[in-house]
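For reference, the structure is listed below as structure tokens.
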Amino acid sequence: MKKLFLLLLLTVSVSAYCQTTEKQYYIYNIVSFNGDFDEDGIKMKLDNGVEIKRYRGEKGKKVTFKTPAGALMYLLSQGWEIFMSGSTETGKKGDTETNSYWILRKPCTKSEFDKAVNEACK
């Protein structure tokens, strides 16, 4: 009886492990910021693979954020997730400027992914 139970447990475990899962596809955006932390607010730029432009809301109006954290919370509420973050440095020694960016992604279907790839290629 113990051998039968062990065999059954092993069979179920192996079959669960061997089941294939469907590949997950993602749409990516690279986010960068312009502006200072002042009354004008921070302007967010998006690189969606086709163009780099200032972020606009649903009605086409430019959106300004109080802080990068505010922008991040907004994007997360729209279904995006952080994939990676980093920074770039430009200028010469003693006179450099650092720009931070986030790479965000959102799950999509294979057809949505293929469409984004085709639109991004010249």
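By convention here, the chains of the structure tokens are called A, B, ... in the order presented, each chain's residues are numbered starting at 1, and ligands are numbered starting at 1 in the order presented.
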So that I can see what lies close to region 109-111 of chain A, please list as a list in words the residues with an atom at most 9 Å from it, counting only C-alpha atoms and leaving out residues fewer than 4 positions away in the same chain. Lys23, Gln24, Tyr25, Tyr26, Lys115 and Ala116 of chain A
Writing out the chosen residues with all heavy atoms as a short mmCIF file (atom, residue, chain, number, x, y, z; two decimals), in the first residue's frame:
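Okay, result-v6.cif is ready:
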data_model
loop_
_atom_site.label_atom_id
_atom_site.label_comp_id
_atom_site.auth_asym_id
_atom_site.auth_seq_id
_atom_site.Cartn_x
_atom_site.Cartn_y
_atom_site.Cartn_z
N LYS A 23 3.86 30.80 -22.95
CA LYS A 23 4.84 31.88 -22.82
C LYS A 23 4.13 33.21 -22.60
O LYS A 23 3.15 33.50 -23.26
CB LYS A 23 5.70 31.95 -24.08
CG LYS A 23 6.75 33.02 -24.01
CD LYS A 23 7.64 33.02 -25.21
CE LYS A 23 8.56 34.21 -25.11
NZ LYS A 23 9.81 34.04 -25.74
N GLN A 24 4.65 34.00 -21.68
CA GLN A 24 4.09 35.32 -21.40
C GLN A 24 4.81 36.36 -22.24
O GLN A 24 6.03 36.37 -22.30
CB GLN A 24 4.22 35.67 -19.92
CG GLN A 24 3.68 37.04 -19.55
CD GLN A 24 2.20 37.18 -19.81
OE1 GLN A 24 1.40 36.47 -19.24
NE2 GLN A 24 1.84 38.09 -20.70
N TYR A 25 4.05 37.24 -22.88
CA TYR A 25 4.59 38.33 -23.68
C TYR A 25 4.35 39.65 -22.96
O TYR A 25 3.39 39.78 -22.21
CB TYR A 25 3.95 38.36 -25.07
CG TYR A 25 4.30 37.14 -25.89
CD1 TYR A 25 3.51 36.01 -25.86
CD2 TYR A 25 5.45 37.14 -26.68
CE1 TYR A 25 3.85 34.89 -26.60
CE2 TYR A 25 5.79 36.03 -27.43
CZ TYR A 25 4.99 34.90 -27.38
OH TYR A 25 5.34 33.80 -28.12
N TYR A 26 5.24 40.63 -23.23
CA TYR A 26 5.14 41.93 -22.58
C TYR A 26 5.35 43.05 -23.59
O TYR A 26 6.14 42.92 -24.52
CB TYR A 26 6.21 42.09 -21.49
CG TYR A 26 6.06 41.13 -20.35
CD1 TYR A 26 6.73 39.92 -20.34
CD2 TYR A 26 5.25 41.44 -19.27
CE1 TYR A 26 6.60 39.03 -19.28
CE2 TYR A 26 5.11 40.57 -18.20
CZ TYR A 26 5.78 39.36 -18.21
OH TYR A 26 5.64 38.50 -17.16
N LYS A 115 2.51 43.01 -33.04
CA LYS A 115 2.15 44.32 -33.60
C LYS A 115 3.13 45.39 -33.11
O LYS A 115 3.60 46.22 -33.90
CB LYS A 115 0.73 44.69 -33.19
CG LYS A 115 0.28 46.03 -33.71
CD LYS A 115 -1.12 46.37 -33.26
CE LYS A 115 -1.50 47.78 -33.72
NZ LYS A 115 -2.71 48.26 -33.11
N ALA A 116 3.47 45.37 -31.81
CA ALA A 116 4.42 46.34 -31.26
C ALA A 116 5.80 46.18 -31.89
O ALA A 116 6.46 47.19 -32.20
CB ALA A 116 4.50 46.19 -29.74
#
Find the residues near Met44 (chain A): any atom within 10 Å, counting only C-alpha atoms, skip ones fewer than 2 places away on the same chain, and give them as an MDAnalysis selection string. chainID A and resid 31:35 41:42 46 53:56 62:65 68 71
Atomic separation - CA of Glu89 (chain A) relative to CA of Tyr74 (chain A), Å: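 Answer for the CA of Tyr74 (chain A) to CA of Glu89 (chain A) separation: 26.4 Å.
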Give me the residues near Val50 (chain A) as a ChimeraX atom specification, where near means some atom within 10 Å (using only C-alpha atoms) and where sequence neighbours in that chain fewer than 6 positions away do not count. /A:116-122
For Ile103 (chain A), which residue among A:Gly79, A:Gly70, A:Gly86, A:Gly60 is the nearest when counting only C-alpha atoms?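 Among the listed residues, the smallest separation from Ile103 (chain A) belongs to A:Gly86.
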